[in-house]
>>> print(open('target-v2.cif').read())   # mmCIF, C-alpha atoms
data_my_file
#
loop_
_atom_site.label_atom_id
_atom_site.label_comp_id
_atom_site.auth_asym_id
_atom_site.auth_seq_id
_atom_site.Cartn_x
_atom_site.Cartn_y
_atom_site.Cartn_z
CA MET A 63 104.83 104.79 85.59
CA ASP A 64 106.42 101.61 86.90
CA ILE A 65 109.61 102.59 88.69
CA ARG A 66 110.46 99.05 89.78
CA GLU A 67 112.45 98.19 86.68
CA HIS A 68 114.81 101.04 87.63
CA LEU A 69 115.19 100.04 91.31
CA THR A 70 117.02 96.77 91.93
CA ASP A 71 116.12 96.73 95.64
CA PHE A 72 112.42 97.60 95.34
CA TYR A 73 111.25 94.40 97.06
CA SER A 74 113.40 95.10 100.11
CA ILE A 75 110.32 96.86 101.54
CA PHE A 76 108.21 93.69 101.33
CA PRO A 77 108.95 92.29 104.84
CA GLU A 78 107.93 95.56 106.53
CA ILE A 79 104.82 95.95 104.40
CA LYS A 80 103.85 92.34 105.04
CA ARG A 81 104.24 92.72 108.81
CA TYR A 82 102.02 95.81 108.79
CA ILE A 83 99.38 94.16 106.61
CA ASN A 84 99.33 91.16 108.96
CA LEU A 85 98.30 93.58 111.72
CA LEU A 86 95.50 94.92 109.56
CA VAL A 87 93.98 91.66 108.34
CA LEU A 88 94.24 89.70 111.60
CA ASP A 89 92.39 90.35 114.85
CA GLY A 90 92.08 88.91 118.33
CA ASN A 91 88.55 87.62 117.69
CA ILE A 92 89.20 85.01 115.04
CA LYS A 93 87.73 81.92 113.49
CA LYS A 94 88.94 79.38 110.99
CA ILE A 95 88.24 80.12 107.36
CA ASN A 96 89.28 78.41 104.16
CA TYR A 97 91.07 81.00 102.04
CA ALA A 98 91.20 78.55 99.16
CA LYS A 99 87.47 79.25 98.89
CA LYS A 100 87.04 82.73 100.40
CA PRO A 101 90.20 84.85 99.99
CA LEU A 102 88.51 88.27 99.86
CA VAL A 103 89.88 91.09 102.05
CA ASP A 104 87.33 93.69 103.24
CA ALA A 105 89.06 96.93 102.23
CA LYS A 106 86.30 99.16 103.59
CA ALA A 107 86.45 97.49 107.01
CA ILE A 108 90.22 97.97 107.11
CA ALA A 109 89.84 101.63 106.13
CA ALA A 110 87.56 102.08 109.16
CA LYS A 111 89.97 100.11 111.34
CA VAL A 112 92.91 102.42 110.60
CA GLY A 113 90.83 105.53 111.34
CA ILE A 114 89.38 106.66 108.02
CA MET A 115 85.99 108.18 108.80
CA ALA A 116 84.13 107.32 105.61
CA VAL A 117 84.41 106.15 102.01
CA ILE A 118 82.21 108.23 99.70
CA GLU A 119 81.52 107.88 95.97
CA VAL A 120 81.44 111.16 94.04
CA PRO A 121 81.31 112.24 90.38
CA GLY A 122 84.73 112.04 88.76
CA GLU A 123 84.87 115.75 87.94
CA LEU A 124 84.83 116.60 91.66
CA ILE A 125 88.21 114.88 92.08
CA ASP A 126 89.71 115.98 88.74
CA GLY A 127 89.03 112.62 87.10
CA LYS A 128 91.27 110.76 89.57
CA HIS A 129 90.40 107.31 90.87
CA ALA A 130 90.30 108.56 94.46
CA LEU A 131 91.27 111.35 96.82
CA LEU A 132 92.16 111.24 100.52
CA LEU A 133 90.58 114.33 102.06
CA SER A 134 91.36 115.64 105.55
CA PHE A 135 89.56 118.36 107.50
CA ASN A 136 91.86 120.00 110.06
CA GLU A 137 92.36 117.47 112.85
CA LYS A 138 89.33 115.34 111.97
CA PRO A 139 89.69 111.79 110.58
CA PRO A 140 90.00 111.78 106.78
CA VAL A 141 87.53 110.50 104.21
CA ILE A 142 88.24 108.73 100.93
CA LEU A 143 86.43 110.11 97.90
CA LEU A 144 86.00 107.51 95.15
CA ASN A 145 85.28 108.12 91.48
CA LYS A 146 81.82 106.62 91.12
CA GLU A 147 82.43 105.98 87.40
CA ASP A 148 85.09 103.40 88.26
CA SER A 149 84.31 99.68 88.43
CA HIS A 150 83.76 98.00 91.80
CA GLU A 151 87.19 96.37 91.53
CA GLU A 152 88.91 99.68 90.79
CA LYS A 153 87.18 101.27 93.78
CA LEU A 154 88.43 98.57 96.15
CA PHE A 155 91.98 99.01 94.85
CA SER A 156 91.68 102.78 95.29
CA ILE A 157 90.59 102.31 98.92
CA ALA A 158 93.61 100.09 99.58
CA HIS A 159 95.89 102.59 97.82
CA GLU A 160 94.62 105.52 99.92
CA ILE A 161 94.91 103.46 103.12
CA PHE A 162 98.66 103.34 102.47
CA HIS A 163 98.92 107.12 102.06
CA PHE A 164 97.03 107.61 105.32
CA ILE A 165 99.00 105.16 107.45
CA PHE A 166 102.32 106.11 105.82
CA THR A 167 101.87 109.71 106.98
CA LYS A 168 101.44 108.45 110.55
CA GLU A 169 103.97 105.61 110.47
CA ARG A 170 106.87 106.98 108.40
CA ALA A 171 108.88 107.37 111.62
CA GLY A 172 107.44 104.21 113.21
CA GLN A 173 106.36 100.91 111.71
CA MET A 174 106.98 102.19 108.17
CA ARG A 175 110.38 103.75 108.76
CA ILE A 176 112.26 101.32 106.47
CA THR A 177 109.81 102.03 103.66
CA ALA A 178 110.09 105.78 104.32
CA LYS A 179 113.89 105.59 104.17
CA LYS A 180 113.74 103.66 100.89
CA ILE A 181 111.30 106.13 99.34
CA ARG A 182 113.65 109.00 100.20
CA SER A 183 116.63 107.10 98.82
CA TRP A 184 114.84 106.10 95.61
CA THR A 185 113.58 109.65 95.10
CA GLU A 186 117.11 111.04 95.22
CA GLN A 187 118.36 108.22 93.01
CA LEU A 188 115.76 108.94 90.34
CA LYS A 189 116.26 112.70 90.56
CA SER A 190 119.98 112.45 89.91
CA LYS A 191 121.11 114.05 86.69
CA ASN A 192 122.14 110.94 84.78
CA ALA A 193 119.94 108.30 86.44
CA ASN A 194 117.39 106.57 84.23
CA PRO A 195 116.50 109.45 81.88
CA SER A 196 113.82 107.24 80.33
CA ILE A 197 111.69 107.78 83.46
CA ILE A 198 111.46 111.51 82.79
CA GLU A 199 111.16 111.00 79.03
CA ASN A 200 108.27 108.54 79.38
CA GLN A 201 106.41 110.85 81.73
CA ILE A 202 106.97 113.82 79.42
CA ALA A 203 105.44 111.82 76.57
CA LYS A 204 102.39 111.09 78.74
CA PHE A 205 102.14 114.74 79.80
CA GLN A 206 102.35 115.84 76.18
CA ASN A 207 99.50 113.51 75.24
CA ASN A 208 97.39 114.79 78.14
CA ILE A 209 98.09 118.40 77.21
CA ILE A 210 97.31 117.71 73.56
CA SER A 211 93.98 116.12 74.49
CA ALA A 212 93.00 118.92 76.85
CA VAL A 213 94.01 121.79 74.58
CA ALA A 214 92.73 120.08 71.44
CA ALA A 215 89.26 119.87 72.96
CA ARG A 216 89.29 123.59 73.72
CA GLU A 217 91.36 125.05 70.87
CA ASN A 218 90.69 122.51 68.12
CA THR A 219 94.41 121.65 67.88
CA THR A 220 95.84 118.18 67.47
CA THR A 221 99.64 118.37 67.74
CA ILE A 222 102.18 119.63 70.26
CA ARG A 223 103.58 121.91 67.54
CA GLU A 224 100.23 123.64 67.13
CA ILE A 225 99.90 124.03 70.90
CA LEU A 226 103.39 125.55 71.13
CA ARG A 227 102.43 128.11 68.47
CA LYS A 228 99.78 129.35 70.90
CA THR A 229 102.31 129.85 73.71
CA SER A 230 105.47 131.87 74.20
CA LEU A 231 107.54 128.71 74.80
CA ASP A 232 109.65 126.95 72.20
CA LYS A 233 109.69 123.14 72.26
CA GLU A 234 113.04 122.83 74.06
CA THR A 235 111.95 125.25 76.79
CA PHE A 236 108.65 123.42 77.11
CA ILE A 237 110.41 120.05 77.52
CA GLU A 238 112.82 121.53 80.08
CA PHE A 239 109.88 123.01 81.99
CA LEU A 240 108.19 119.60 82.14
CA THR A 241 111.45 117.90 83.13
CA GLN A 242 112.01 120.21 86.09
CA ALA A 243 108.37 119.96 87.16
CA LEU A 244 108.56 116.16 87.05
CA LYS A 245 111.77 116.06 89.06
CA LYS A 246 109.99 118.01 91.79
CA GLU A 247 107.19 115.43 91.73
CA ILE A 248 109.41 112.33 91.69
CA GLY A 249 108.88 111.77 95.41
CA ALA A 250 105.11 111.68 94.95
CA ILE A 251 105.50 109.34 91.96
CA VAL A 252 107.66 106.94 93.99
CA GLU A 253 105.26 107.01 96.95
CA ASP A 254 102.34 106.32 94.59
CA ASP A 255 104.06 103.25 93.16
CA VAL A 256 104.74 101.95 96.67
CA ALA A 257 101.08 102.64 97.51
CA ASP A 258 100.06 100.46 94.54
CA TYR A 259 102.36 97.71 95.80
CA PHE A 260 100.91 97.98 99.31
CA ALA A 261 97.36 97.87 97.88
CA ALA A 262 98.12 94.69 95.92
CA ASN A 263 99.57 93.08 99.06
CA LEU A 264 96.57 94.13 101.13
CA LEU A 265 93.95 92.87 98.67
CA MET A 266 95.94 89.77 97.66
CA PRO A 267 98.11 88.75 100.65
CA VAL A 268 100.83 86.33 99.70
CA GLU A 269 99.55 83.44 101.88
CA ARG A 270 96.12 83.68 100.28
CA PHE A 271 97.29 84.33 96.75
CA ILE A 272 99.53 81.26 96.52
CA LEU A 273 96.46 79.10 97.09
CA TRP A 274 95.02 80.54 93.87
CA GLN A 275 98.00 81.41 91.70
CA TYR A 276 97.67 78.44 89.32
CA LYS A 277 94.00 79.06 88.55
CA GLU A 278 92.78 81.06 85.56
CA GLU A 279 93.43 84.81 85.91
CA ALA A 280 89.73 85.60 85.46
CA GLU A 281 88.82 83.24 88.32
CA ILE A 282 91.46 84.76 90.60
CA ALA A 283 90.25 88.26 89.76
CA ARG A 284 86.66 87.37 90.63
CA ALA A 285 87.67 85.76 93.94
CA PHE A 286 89.79 88.71 95.12
CA LYS A 287 87.58 91.40 93.49
CA VAL A 288 90.40 92.95 91.47
CA VAL A 289 90.90 93.61 87.78
CA GLU A 290 92.82 90.99 85.79
CA ARG A 291 95.84 93.24 85.16
CA CYS A 292 96.33 93.37 88.94
CA VAL A 293 96.42 89.58 89.02
CA GLN A 294 99.02 89.55 86.24
CA LYS A 295 101.20 92.03 88.11
CA ARG A 296 100.72 90.17 91.40
CA GLN A 297 101.94 86.95 89.80
CA LYS A 298 105.27 88.66 89.09
CA GLU A 299 105.46 90.22 92.57
CA ILE A 300 104.81 86.90 94.29
CA LYS A 301 107.94 85.37 92.74
CA HIS A 302 110.09 88.02 94.40
CA GLU A 303 108.23 87.73 97.71
CA LEU A 304 108.48 83.94 97.92
CA GLU A 305 112.19 84.21 97.26
CA ILE A 306 112.49 86.59 100.22
CA MET A 307 110.30 84.42 102.47
CA ALA A 308 111.78 81.02 101.61
CA PRO A 309 114.52 79.73 103.97
CA LYS A 310 117.91 79.65 102.27
CA SER A 311 119.42 76.98 104.55
CA PHE A 312 118.89 74.86 107.65
CA SER A 313 120.54 75.76 110.96
CA SER A 314 123.24 73.22 110.11
CA GLY A 315 124.20 75.32 107.10
CA ILE A 316 122.96 72.77 104.55
CA LYS A 317 121.48 74.59 101.57
CA LEU A 318 117.80 73.76 101.07
CA ASP A 319 118.06 73.61 97.30
CA LYS A 320 121.00 71.16 97.55
CA ILE A 321 118.91 68.34 99.03
CA THR A 322 115.62 68.67 97.16
CA PRO A 323 114.12 70.79 94.39
CA LYS A 324 111.84 73.60 95.55
CA ASP A 325 108.31 72.72 94.48
CA ASN A 326 105.11 74.42 95.62
CA LEU A 327 104.48 71.95 98.43
CA LEU A 328 107.94 72.58 99.86
CA ASN A 329 107.48 76.33 99.59
CA HIS A 330 104.20 76.09 101.48
CA ALA A 331 105.59 73.82 104.16
CA ALA A 332 108.76 75.87 104.58
CA MET A 333 106.69 78.99 105.21
CA GLY A 334 104.16 77.28 107.48
CA VAL A 335 101.35 77.97 105.02
CA SER A 336 98.22 75.84 105.12
CA VAL A 337 94.83 75.97 103.46
CA HIS A 338 93.32 77.42 106.63
CA ASP A 339 94.08 80.79 108.08
CA THR A 340 92.22 83.21 110.27
CA GLU A 341 89.77 86.03 109.86
CA LYS A 342 87.83 88.41 112.07
CA ILE A 343 84.37 87.18 113.15
#
>>> encode(input="target-v2.cif", output="structure tokens")
Amino acid sequence: MDIREHLTDFYSIFPEIKRYINLLVLDGNIKKINYAKKPLVDAKAIAAKVGIMAVIEVPGELIDGKHALLLSFNEKPPVILLNKEDSHEEKLFSIAHEIFHFIFTKERAGQMRITAKKIRSWTEQLKSKNANPSIIENQIAKFQNNIISAVAARENTTTIREILRKTSLDKETFIEFLTQALKKEIGAIVEDDVADYFAANLLMPVERFILWQYKEEAEIARAFKVVERCVQKRQKEIKHELEIMAPKSFSSGIKLDKITPKDNLLNHAAMGVSVHDTEKI
């Protein structure tokens, strides 16, 4: 479920997320590295840095077929359980996704307070009675398909009508039940979408990605160790992020786009971006 098309201010969380990611990917012990050649972010190292005890691959059935699960034991540091059937690229994205959930729990009143406030606001906005009914309808359709698949395997049924015959619920009651259940889970759905956005920013930071964005998608995916659909989505995100980062005017009040067209070189120079950046030794 992509909630962003329903939230006009989704990218307002980018500056805070970027600042936090800068803290994660940079360190005091640094050396020069050419990100135009080596842009990869070490997700496992960052998981350890934020306090995650271990990343463990397990059979998918142990985590209900999910990509990953963040598991905590009382007061001990958590571990990330990864679905070992996933590709290497999917596993790295899952690590980055779970890193967000972990740090967000700790930082929702601190360095992630703007993001936390937005998530609460968006949750209430999407829960409202008349707001974006297609969100609920689309999720209901997915739930129906999942239920059909699960029940069909066990009961040899193939349609929602046949499944309903085996229950005491009529179709309208069933849909209403799913609607109310989904509304209760909207907060988790919103947080998950933000976690995906954080993961994309962590694995493909804007300063590194713009050095690659005009290469073939397959080449970018190999360099950053992500799947190609993540590259496609990141291309769209970057446009919003560069718009936020780019200066709108000089101190004199002269509009930047009034004196020269904004090409890539100007964007890079305006943001202080160069081919070289820093990385932990």
>>> resolve_selection(input="target-v2.cif", expression="the PyMOL selection byres ((chain A and resi 251-258) around 7)", output="JSON, numbers by chain")
{"A": [64, 159, 162, 163, 181, 185, 247, 248, 249, 250, 259, 260, 261, 262]}
>>> closest_residue(input="target-v2.cif", among="A:Leu102, A:Cys292, A:Leu304, A:Ile65", to="Glu152 (chain A)", atoms="all atoms listed in the file")
A:Cys292
>>> atom_distance(input="target-v2.cif", atom1="CA of Gly122 (chain A)", atom2="CA of Asn145 (chain A)")
4.8 Å
>>> atom_distance(input="target-v2.cif", atom1="CA of Val117 (chain A)", atom2="CA of Val141 (chain A)")
5.8 Å
>>> closest_residue(input="target-v2.cif", among="A:Ile95, A:Ala178, A:Ala130, A:Ala308", to="Glu160 (chain A)", atoms="all atoms listed in the file")
A:Ala130
>>> resolve_selection(input="target-v2.cif", expression="the PyMOL selection byres ((chain A and resi 283-290) around 8)", output="PyMOL selection string")
chain A and resi 100-103+150-152+154-155+265-266+279-282+291-294
>>> residues_around(input="target-v2.cif", residues="Phe72 (chain A)", least_positions_apart="3", cutoff="10 Å", atoms="all atoms listed in the file", output="number ranges by chain")
A: 65-69, 75-76, 177, 180-181, 184, 256, 302
>>> atom_distance(input="target-v2.cif", atom1="CA of Val87 (chain A)", atom2="CA of Ser183 (chain A)")
29.0 Å
>>> closest_residue(input="target-v2.cif", among="A:Val268, A:Ile114, A:Leu132, A:Ile125", to="Ile306 (chain A)", atoms="all atoms listed in the file")
A:Val268
>>> closest_residue(input="target-v2.cif", among="A:Glu234, A:Glu186, A:Pro267, A:Ile300", to="Lys246 (chain A)", atoms="only C-alpha atoms")
A:Glu186
>>> closest_residue(input="target-v2.cif", among="A:Arg296, A:Arg170, A:Lys153, A:Lys301", to="Ala105 (chain A)", atoms="all atoms listed in the file")
A:Lys153
>>> axis_aligned_box(input="target-v2.cif", around="region 303-310 of chain A", padding_each_side="6 Å", output="AutoDock Vina command-line options")
--center_x 113.1 --center_y 83.7 --center_z 100.6 --size_x 21.7 --size_y 20.1 --size_z 18.7
>>> resolve_selection(input="target-v2.cif", expression="the PyMOL selection byres ((chain A and resi 108) around 10)", output="list in words")
Ile83, Leu86, Val87, Val103, Asp104, Ala105, Lys106, Ala107, Ala109, Ala110, Lys111, Val112, Gly113, Ile114, Ile157, Ala158, Ile161 and Leu264 of chain A
>>> decode(input="target-v2.cif", residues="region 88-133 of chain A", atoms="N, CA and C atoms", output="short mmCIF file (atom, residue, chain, number, x, y, z; two decimals), in the first residue's frame")
data_model
loop_
_atom_site.label_atom_id
_atom_site.label_comp_id
_atom_site.auth_asym_id
_atom_site.auth_seq_id
_atom_site.Cartn_x
_atom_site.Cartn_y
_atom_site.Cartn_z
N LEU A 88 27.95 8.46 8.67
CA LEU A 88 29.23 9.13 8.86
C LEU A 88 29.79 8.82 10.24
N ASP A 89 31.11 8.93 10.38
CA ASP A 89 31.77 8.64 11.64
C ASP A 89 32.97 9.55 11.80
N GLY A 90 33.50 9.60 13.01
CA GLY A 90 34.66 10.44 13.26
C GLY A 90 35.92 9.95 12.56
N ASN A 91 36.08 8.62 12.45
CA ASN A 91 37.24 8.06 11.76
C ASN A 91 36.89 7.88 10.30
N ILE A 92 37.34 8.80 9.47
CA ILE A 92 36.88 8.80 8.08
C ILE A 92 38.03 8.87 7.10
N LYS A 93 37.74 8.45 5.89
CA LYS A 93 38.70 8.55 4.80
C LYS A 93 37.94 8.92 3.54
N LYS A 94 38.66 9.40 2.56
CA LYS A 94 38.03 9.76 1.30
C LYS A 94 37.65 8.51 0.52
N ILE A 95 36.50 8.55 -0.08
CA ILE A 95 36.07 7.44 -0.94
C ILE A 95 35.26 8.01 -2.08
N ASN A 96 35.38 7.39 -3.23
CA ASN A 96 34.66 7.85 -4.41
C ASN A 96 33.33 7.10 -4.51
N TYR A 97 32.25 7.80 -4.16
CA TYR A 97 30.94 7.16 -4.19
C TYR A 97 30.40 6.99 -5.60
N ALA A 98 31.05 7.60 -6.57
CA ALA A 98 30.67 7.34 -7.96
C ALA A 98 31.11 5.94 -8.38
N LYS A 99 32.00 5.34 -7.57
CA LYS A 99 32.45 3.97 -7.85
C LYS A 99 31.97 2.98 -6.79
N LYS A 100 31.93 3.43 -5.53
CA LYS A 100 31.56 2.53 -4.43
C LYS A 100 30.50 3.20 -3.55
N PRO A 101 29.23 3.11 -3.94
CA PRO A 101 28.18 3.81 -3.19
C PRO A 101 27.54 2.98 -2.08
N LEU A 102 27.93 1.71 -1.95
CA LEU A 102 27.22 0.78 -1.08
C LEU A 102 27.24 1.21 0.39
N VAL A 103 26.09 1.10 1.06
CA VAL A 103 25.97 1.34 2.49
C VAL A 103 25.90 -0.03 3.19
N ASP A 104 26.67 -0.20 4.26
CA ASP A 104 26.72 -1.46 4.99
C ASP A 104 25.58 -1.49 6.01
N ALA A 105 24.45 -2.07 5.62
CA ALA A 105 23.26 -2.07 6.47
C ALA A 105 23.48 -2.86 7.76
N LYS A 106 24.20 -3.97 7.67
CA LYS A 106 24.45 -4.79 8.86
C LYS A 106 25.30 -4.03 9.87
N ALA A 107 26.30 -3.31 9.39
CA ALA A 107 27.16 -2.53 10.29
C ALA A 107 26.35 -1.43 10.99
N ILE A 108 25.42 -0.82 10.26
CA ILE A 108 24.60 0.24 10.85
C ILE A 108 23.62 -0.35 11.86
N ALA A 109 23.11 -1.55 11.58
CA ALA A 109 22.23 -2.23 12.55
C ALA A 109 22.98 -2.43 13.88
N ALA A 110 24.22 -2.87 13.79
CA ALA A 110 25.03 -3.05 15.00
C ALA A 110 25.30 -1.72 15.68
N LYS A 111 25.52 -0.69 14.88
CA LYS A 111 25.84 0.64 15.41
C LYS A 111 24.69 1.21 16.24
N VAL A 112 23.45 0.97 15.81
CA VAL A 112 22.31 1.54 16.53
C VAL A 112 21.90 0.69 17.74
N GLY A 113 22.52 -0.51 17.88
CA GLY A 113 22.24 -1.31 19.06
C GLY A 113 21.49 -2.60 18.83
N ILE A 114 21.34 -3.01 17.58
CA ILE A 114 20.70 -4.29 17.28
C ILE A 114 21.73 -5.40 17.48
N MET A 115 21.39 -6.38 18.29
CA MET A 115 22.36 -7.38 18.73
C MET A 115 22.83 -8.30 17.61
N ALA A 116 21.90 -8.71 16.75
CA ALA A 116 22.27 -9.66 15.70
C ALA A 116 21.25 -9.63 14.57
N VAL A 117 21.69 -10.08 13.40
CA VAL A 117 20.81 -10.27 12.25
C VAL A 117 20.90 -11.75 11.89
N ILE A 118 19.76 -12.45 11.96
CA ILE A 118 19.74 -13.90 11.82
C ILE A 118 18.78 -14.31 10.71
N GLU A 119 19.21 -15.20 9.83
CA GLU A 119 18.34 -15.72 8.78
C GLU A 119 17.62 -16.97 9.29
N VAL A 120 16.31 -17.01 9.06
CA VAL A 120 15.48 -18.12 9.53
C VAL A 120 14.52 -18.55 8.42
N PRO A 121 13.98 -19.76 8.50
CA PRO A 121 12.96 -20.17 7.52
C PRO A 121 11.76 -19.24 7.57
N GLY A 122 11.18 -18.97 6.42
CA GLY A 122 10.08 -18.03 6.33
C GLY A 122 8.90 -18.36 7.21
N GLU A 123 8.62 -19.66 7.40
CA GLU A 123 7.45 -20.03 8.19
C GLU A 123 7.58 -19.63 9.66
N LEU A 124 8.80 -19.44 10.13
CA LEU A 124 9.01 -19.03 11.53
C LEU A 124 8.61 -17.58 11.77
N ILE A 125 8.53 -16.79 10.70
CA ILE A 125 8.11 -15.39 10.84
C ILE A 125 6.88 -15.12 9.98
N ASP A 126 6.04 -16.15 9.86
CA ASP A 126 4.75 -16.05 9.15
C ASP A 126 4.88 -15.57 7.71
N GLY A 127 5.99 -15.94 7.05
CA GLY A 127 6.18 -15.59 5.66
C GLY A 127 6.56 -14.14 5.43
N LYS A 128 6.80 -13.38 6.50
CA LYS A 128 7.19 -11.97 6.36
C LYS A 128 8.62 -11.88 5.85
N HIS A 129 9.00 -10.69 5.41
CA HIS A 129 10.38 -10.48 4.99
C HIS A 129 11.32 -10.45 6.19
N ALA A 130 10.83 -9.88 7.31
CA ALA A 130 11.69 -9.76 8.49
C ALA A 130 10.83 -9.50 9.73
N LEU A 131 11.46 -9.69 10.88
CA LEU A 131 10.79 -9.44 12.15
C LEU A 131 11.82 -8.91 13.14
N LEU A 132 11.46 -7.82 13.82
CA LEU A 132 12.31 -7.25 14.87
C LEU A 132 11.85 -7.87 16.18
N LEU A 133 12.73 -8.61 16.82
CA LEU A 133 12.37 -9.39 18.01
C LEU A 133 13.14 -8.89 19.21
#
